[in-house]
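Source file data-v2.txt; content: compact mmCIF, C-alpha atoms.
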# COMPACT_ATOMS: atom_id res chain seq x y z
CA MET U 31 -25.85 -89.24 83.97
CA VAL U 32 -24.00 -92.04 82.25
CA ARG U 33 -21.64 -91.30 79.35
CA TYR U 34 -20.88 -93.54 76.38
CA LEU U 35 -18.35 -93.74 73.62
CA THR U 36 -20.04 -95.38 70.65
CA LEU U 37 -17.99 -96.54 67.68
CA VAL U 38 -19.99 -96.58 64.45
CA THR U 39 -19.69 -98.82 61.41
CA LEU U 40 -21.84 -98.18 58.35
CA THR U 41 -24.01 -100.98 57.02
CA ASP U 42 -24.51 -101.46 53.28
CA LYS U 43 -27.68 -99.38 53.64
CA GLY U 44 -25.69 -96.69 55.44
CA VAL U 45 -23.10 -96.56 52.66
CA ARG U 46 -25.83 -96.26 50.01
CA GLU U 47 -27.39 -93.38 51.97
CA ILE U 48 -24.12 -91.72 53.09
CA LYS U 49 -25.22 -88.31 51.79
CA ASN U 50 -27.91 -88.24 54.49
CA SER U 51 -25.51 -89.19 57.27
CA ALA U 52 -25.32 -85.70 58.79
CA SER U 53 -29.10 -85.36 58.99
CA ARG U 54 -29.37 -88.80 60.64
CA ALA U 55 -26.68 -87.75 63.14
CA ALA U 56 -28.69 -84.61 63.90
CA ALA U 57 -31.81 -86.72 64.41
CA PHE U 58 -29.92 -88.94 66.88
CA ALA U 59 -28.79 -85.82 68.76
CA ASP U 60 -32.44 -84.67 68.87
CA ASP U 61 -33.48 -88.08 70.26
CA VAL U 62 -30.77 -87.89 72.92
CA ARG U 63 -31.86 -84.37 73.90
CA ALA U 64 -35.52 -85.41 74.06
CA ALA U 65 -34.51 -88.24 76.41
CA GLY U 66 -32.76 -85.79 78.74
CA GLY U 67 -29.21 -86.35 77.53
CA THR U 68 -26.56 -84.53 75.55
CA VAL U 69 -24.49 -85.41 72.51
CA ILE U 70 -20.99 -84.26 73.45
CA GLY U 71 -19.50 -84.98 70.05
CA GLN U 72 -20.21 -86.73 66.76
CA TYR U 73 -17.34 -87.57 64.44
CA TRP U 74 -16.93 -89.21 61.06
CA ALA U 75 -13.80 -91.28 60.46
CA VAL U 76 -11.93 -93.20 57.80
CA GLY U 77 -10.48 -96.53 58.85
CA GLN U 78 -11.68 -99.45 60.95
CA TYR U 79 -14.67 -97.40 62.16
CA ASP U 80 -16.73 -94.94 60.19
CA GLY U 81 -17.44 -92.67 63.11
CA ALA U 82 -17.83 -92.16 66.83
CA VAL U 83 -20.39 -90.54 69.10
CA ILE U 84 -19.89 -89.45 72.69
CA PHE U 85 -23.14 -88.85 74.53
CA ASP U 86 -24.64 -88.93 77.97
CA ALA U 87 -28.08 -89.98 79.12
CA PRO U 88 -29.89 -89.96 82.44
CA ASP U 89 -29.43 -93.71 82.98
CA GLU U 90 -28.37 -96.94 81.31
CA ASP U 91 -31.90 -97.93 80.30
CA ILE U 92 -32.36 -94.69 78.37
CA SER U 93 -28.95 -94.93 76.68
CA THR U 94 -29.64 -98.54 75.70
CA SER U 95 -33.02 -97.55 74.28
CA LEU U 96 -31.41 -94.79 72.21
CA LEU U 97 -28.77 -97.15 70.83
CA LEU U 98 -31.35 -99.83 70.02
CA LYS U 99 -33.44 -97.28 68.11
CA LEU U 100 -30.33 -96.25 66.18
CA ALA U 101 -29.53 -99.87 65.33
CA HIS U 102 -33.12 -100.59 64.33
CA GLU U 103 -32.94 -97.93 61.61
CA GLY U 104 -30.36 -100.14 59.86
CA TYR U 105 -27.80 -97.56 58.74
CA VAL U 106 -25.11 -98.34 61.31
CA ARG U 107 -23.85 -100.97 63.69
CA THR U 108 -22.46 -99.77 66.98
CA GLN U 109 -20.03 -100.82 69.68
CA SER U 110 -20.54 -98.87 72.88
CA GLN U 111 -18.79 -98.63 76.17
CA ARG U 112 -19.40 -96.54 79.22
CA ILE U 113 -16.74 -93.91 79.81
CA PHE U 114 -15.86 -91.80 82.86
CA ASN U 115 -14.20 -88.45 83.38
CA ALA U 116 -11.49 -88.17 86.06
CA GLU U 117 -13.87 -87.14 88.85
CA GLU U 118 -16.33 -89.93 88.07
CA PHE U 119 -13.56 -92.49 87.89
CA GLN U 120 -12.14 -91.37 91.22
CA THR U 121 -15.58 -91.88 92.78
CA VAL U 122 -15.66 -95.42 91.35
CA LEU U 123 -12.23 -96.13 92.82
CA THR U 124 -13.30 -95.10 96.29
CA LYS U 125 -16.20 -97.58 96.43

Would you mind giving the structure from this file in structure tokens?
Amino acid sequence: MVRYLTLVTLTDKGVREIKNSASRAAAFADDVRAAGGTVIGQYWAVGQYDGAVIFDAPDEDISTSLLLKLAHEGYVRTQSQRIFNAEEFQTVLTK
């Protein structure tokens, strides 16, 4: 599995439809589950970013596909980066 931290910024469309934000977040979690992954956390924020999602997926192609589908809907823009827990990072360091 690969894990991502995705920072979310609402588009104008997303702001207009903010009341449906929780249901769209649930739909994203359903998409991640259907693809074999897990949403670890979804958070709304006030400040530079409007939210964050931490999720894992079986591989990078699947995670990219999920993020592209999310972007295509037009409610949010995302900035994503792969993240590692301590054990995963230690494995990376030993290679």

Exercise for review: Compile the contact shell of range 43-58 of chain U as a PyMOL selection string: residues with an atom at most 8 Å away, counting only C-alpha atoms, same-chain residues fewer than 2 positions apart removed.
Suggested key: chain U and resi 40-41+60-62+72+100+104-106

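The space between CA of Asp86 in chain U and CA of Asp42 in chain U spans 27.7 Å.
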
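Our summary of the geometry notes that CA of Leu35 in chain U is positioned 5.9 Å from CA of Val83 in chain U.
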
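Counting only C-alpha atoms and comparing U:Val122, U:Leu37, U:Met31, U:Ile113, the residue that lies closest to Trp74 in chain U is U:Leu37.
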
Review point. Of the candidates U:Val32, U:Leu97, U:Val38, U:Ala75, which shows the shortest atom-to-atom distance to Phe119 in chain U, using all atoms listed in the file?
Key: U:Val32

Exercise for review: Measure the distance from CA of Gly71 in chain U to CA of Leu123 in chain U in Å and round it to one decimal.
Suggested key: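 If I compute the distance from CA of Gly71 in chain U to CA of Leu123 in chain U, I get 26.4 Å.
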
Please rebuild range 76-98 of chain U with N, CA, C and O atoms and give the result as a PDB file, in the frame of the given file.
ATOM      1  N   VAL U  76     -12.331 -92.317  58.888  1.00  0.00           N
ATOM      2  CA  VAL U  76     -11.930 -93.200  57.800  1.00  0.00           C
ATOM      3  C   VAL U  76     -10.987 -94.226  58.416  1.00  0.00           C
ATOM      4  O   VAL U  76     -10.011 -93.861  59.063  1.00  0.00           O
ATOM      5  N   GLY U  77     -11.305 -95.489  58.253  1.00  0.00           N
ATOM      6  CA  GLY U  77     -10.480 -96.530  58.850  1.00  0.00           C
ATOM      7  C   GLY U  77     -11.345 -97.675  59.330  1.00  0.00           C
ATOM      8  O   GLY U  77     -12.390 -97.965  58.745  1.00  0.00           O
ATOM      9  N   GLN U  78     -10.955 -98.303  60.422  1.00  0.00           N
ATOM     10  CA  GLN U  78     -11.680 -99.450  60.950  1.00  0.00           C
ATOM     11  C   GLN U  78     -13.124 -99.088  61.302  1.00  0.00           C
ATOM     12  O   GLN U  78     -14.037 -99.878  61.119  1.00  0.00           O
ATOM     13  N   TYR U  79     -13.331 -97.884  61.825  1.00  0.00           N
ATOM     14  CA  TYR U  79     -14.670 -97.400  62.160  1.00  0.00           C
ATOM     15  C   TYR U  79     -15.002 -96.205  61.279  1.00  0.00           C
ATOM     16  O   TYR U  79     -14.126 -95.460  60.861  1.00  0.00           O
ATOM     17  N   ASP U  80     -16.277 -96.037  61.041  1.00  0.00           N
ATOM     18  CA  ASP U  80     -16.730 -94.940  60.190  1.00  0.00           C
ATOM     19  C   ASP U  80     -17.091 -93.689  60.984  1.00  0.00           C
ATOM     20  O   ASP U  80     -17.330 -92.636  60.411  1.00  0.00           O
ATOM     21  N   GLY U  81     -17.128 -93.820  62.286  1.00  0.00           N
ATOM     22  CA  GLY U  81     -17.440 -92.670  63.110  1.00  0.00           C
ATOM     23  C   GLY U  81     -17.475 -93.015  64.583  1.00  0.00           C
ATOM     24  O   GLY U  81     -17.300 -94.176  64.979  1.00  0.00           O
ATOM     25  N   ALA U  82     -17.720 -91.989  65.386  1.00  0.00           N
ATOM     26  CA  ALA U  82     -17.830 -92.160  66.830  1.00  0.00           C
ATOM     27  C   ALA U  82     -18.780 -91.104  67.367  1.00  0.00           C
ATOM     28  O   ALA U  82     -18.876 -90.001  66.823  1.00  0.00           O
ATOM     29  N   VAL U  83     -19.485 -91.457  68.420  1.00  0.00           N
ATOM     30  CA  VAL U  83     -20.390 -90.540  69.100  1.00  0.00           C
ATOM     31  C   VAL U  83     -20.090 -90.630  70.591  1.00  0.00           C
ATOM     32  O   VAL U  83     -19.929 -91.730  71.128  1.00  0.00           O
ATOM     33  N   ILE U  84     -19.989 -89.497  71.234  1.00  0.00           N
ATOM     34  CA  ILE U  84     -19.890 -89.450  72.690  1.00  0.00           C
ATOM     35  C   ILE U  84     -21.153 -88.750  73.170  1.00  0.00           C
ATOM     36  O   ILE U  84     -21.467 -87.647  72.722  1.00  0.00           O
ATOM     37  N   PHE U  85     -21.897 -89.433  74.034  1.00  0.00           N
ATOM     38  CA  PHE U  85     -23.140 -88.850  74.530  1.00  0.00           C
ATOM     39  C   PHE U  85     -23.387 -89.278  75.966  1.00  0.00           C
ATOM     40  O   PHE U  85     -22.815 -90.262  76.431  1.00  0.00           O
ATOM     41  N   ASP U  86     -24.209 -88.495  76.652  1.00  0.00           N
ATOM     42  CA  ASP U  86     -24.640 -88.930  77.970  1.00  0.00           C
ATOM     43  C   ASP U  86     -26.154 -88.983  78.009  1.00  0.00           C
ATOM     44  O   ASP U  86     -26.842 -88.381  77.181  1.00  0.00           O
ATOM     45  N   ALA U  87     -26.651 -89.774  78.944  1.00  0.00           N
ATOM     46  CA  ALA U  87     -28.080 -89.980  79.120  1.00  0.00           C
ATOM     47  C   ALA U  87     -28.353 -90.113  80.613  1.00  0.00           C
ATOM     48  O   ALA U  87     -27.433 -90.429  81.382  1.00  0.00           O
ATOM     49  N   PRO U  88     -29.589 -89.905  81.012  1.00  0.00           N
ATOM     50  CA  PRO U  88     -29.890 -89.960  82.440  1.00  0.00           C
ATOM     51  C   PRO U  88     -29.591 -91.297  83.111  1.00  0.00           C
ATOM     52  O   PRO U  88     -29.224 -91.330  84.280  1.00  0.00           O
ATOM     53  N   ASP U  89     -29.742 -92.398  82.386  1.00  0.00           N
ATOM     54  CA  ASP U  89     -29.430 -93.710  82.980  1.00  0.00           C
ATOM     55  C   ASP U  89     -29.153 -94.723  81.872  1.00  0.00           C
ATOM     56  O   ASP U  89     -29.306 -94.424  80.689  1.00  0.00           O
ATOM     57  N   GLU U  90     -28.760 -95.922  82.283  1.00  0.00           N
ATOM     58  CA  GLU U  90     -28.370 -96.940  81.310  1.00  0.00           C
ATOM     59  C   GLU U  90     -29.547 -97.437  80.480  1.00  0.00           C
ATOM     60  O   GLU U  90     -29.377 -97.779  79.309  1.00  0.00           O
ATOM     61  N   ASP U  91     -30.736 -97.490  81.071  1.00  0.00           N
ATOM     62  CA  ASP U  91     -31.900 -97.930  80.300  1.00  0.00           C
ATOM     63  C   ASP U  91     -32.184 -96.968  79.151  1.00  0.00           C
ATOM     64  O   ASP U  91     -32.466 -97.400  78.027  1.00  0.00           O
ATOM     65  N   ILE U  92     -32.106 -95.680  79.419  1.00  0.00           N
ATOM     66  CA  ILE U  92     -32.360 -94.690  78.370  1.00  0.00           C
ATOM     67  C   ILE U  92     -31.286 -94.760  77.293  1.00  0.00           C
ATOM     68  O   ILE U  92     -31.586 -94.749  76.094  1.00  0.00           O
ATOM     69  N   SER U  93     -30.016 -94.861  77.689  1.00  0.00           N
ATOM     70  CA  SER U  93     -28.950 -94.930  76.680  1.00  0.00           C
ATOM     71  C   SER U  93     -29.085 -96.190  75.838  1.00  0.00           C
ATOM     72  O   SER U  93     -28.901 -96.138  74.615  1.00  0.00           O
ATOM     73  N   THR U  94     -29.448 -97.295  76.455  1.00  0.00           N
ATOM     74  CA  THR U  94     -29.640 -98.540  75.700  1.00  0.00           C
ATOM     75  C   THR U  94     -30.789 -98.395  74.723  1.00  0.00           C
ATOM     76  O   THR U  94     -30.689 -98.814  73.561  1.00  0.00           O
ATOM     77  N   SER U  95     -31.876 -97.782  75.159  1.00  0.00           N
ATOM     78  CA  SER U  95     -33.020 -97.550  74.280  1.00  0.00           C
ATOM     79  C   SER U  95     -32.631 -96.707  73.074  1.00  0.00           C
ATOM     80  O   SER U  95     -33.020 -97.002  71.935  1.00  0.00           O
ATOM     81  N   LEU U  96     -31.864 -95.649  73.310  1.00  0.00           N
ATOM     82  CA  LEU U  96     -31.410 -94.790  72.210  1.00  0.00           C
ATOM     83  C   LEU U  96     -30.554 -95.559  71.213  1.00  0.00           C
ATOM     84  O   LEU U  96     -30.716 -95.416  69.997  1.00  0.00           O
ATOM     85  N   LEU U  97     -29.649 -96.380  71.715  1.00  0.00           N
ATOM     86  CA  LEU U  97     -28.770 -97.150  70.830  1.00  0.00           C
ATOM     87  C   LEU U  97     -29.541 -98.229  70.074  1.00  0.00           C
ATOM     88  O   LEU U  97     -29.248 -98.500  68.905  1.00  0.00           O
ATOM     89  N   LEU U  98     -30.535 -98.829  70.713  1.00  0.00           N
ATOM     90  CA  LEU U  98     -31.350 -99.830  70.020  1.00  0.00           C
ATOM     91  C   LEU U  98     -32.175 -99.187  68.904  1.00  0.00           C
ATOM     92  O   LEU U  98     -32.318 -99.762  67.819  1.00  0.00           O
TER      93      LEU U  98
END
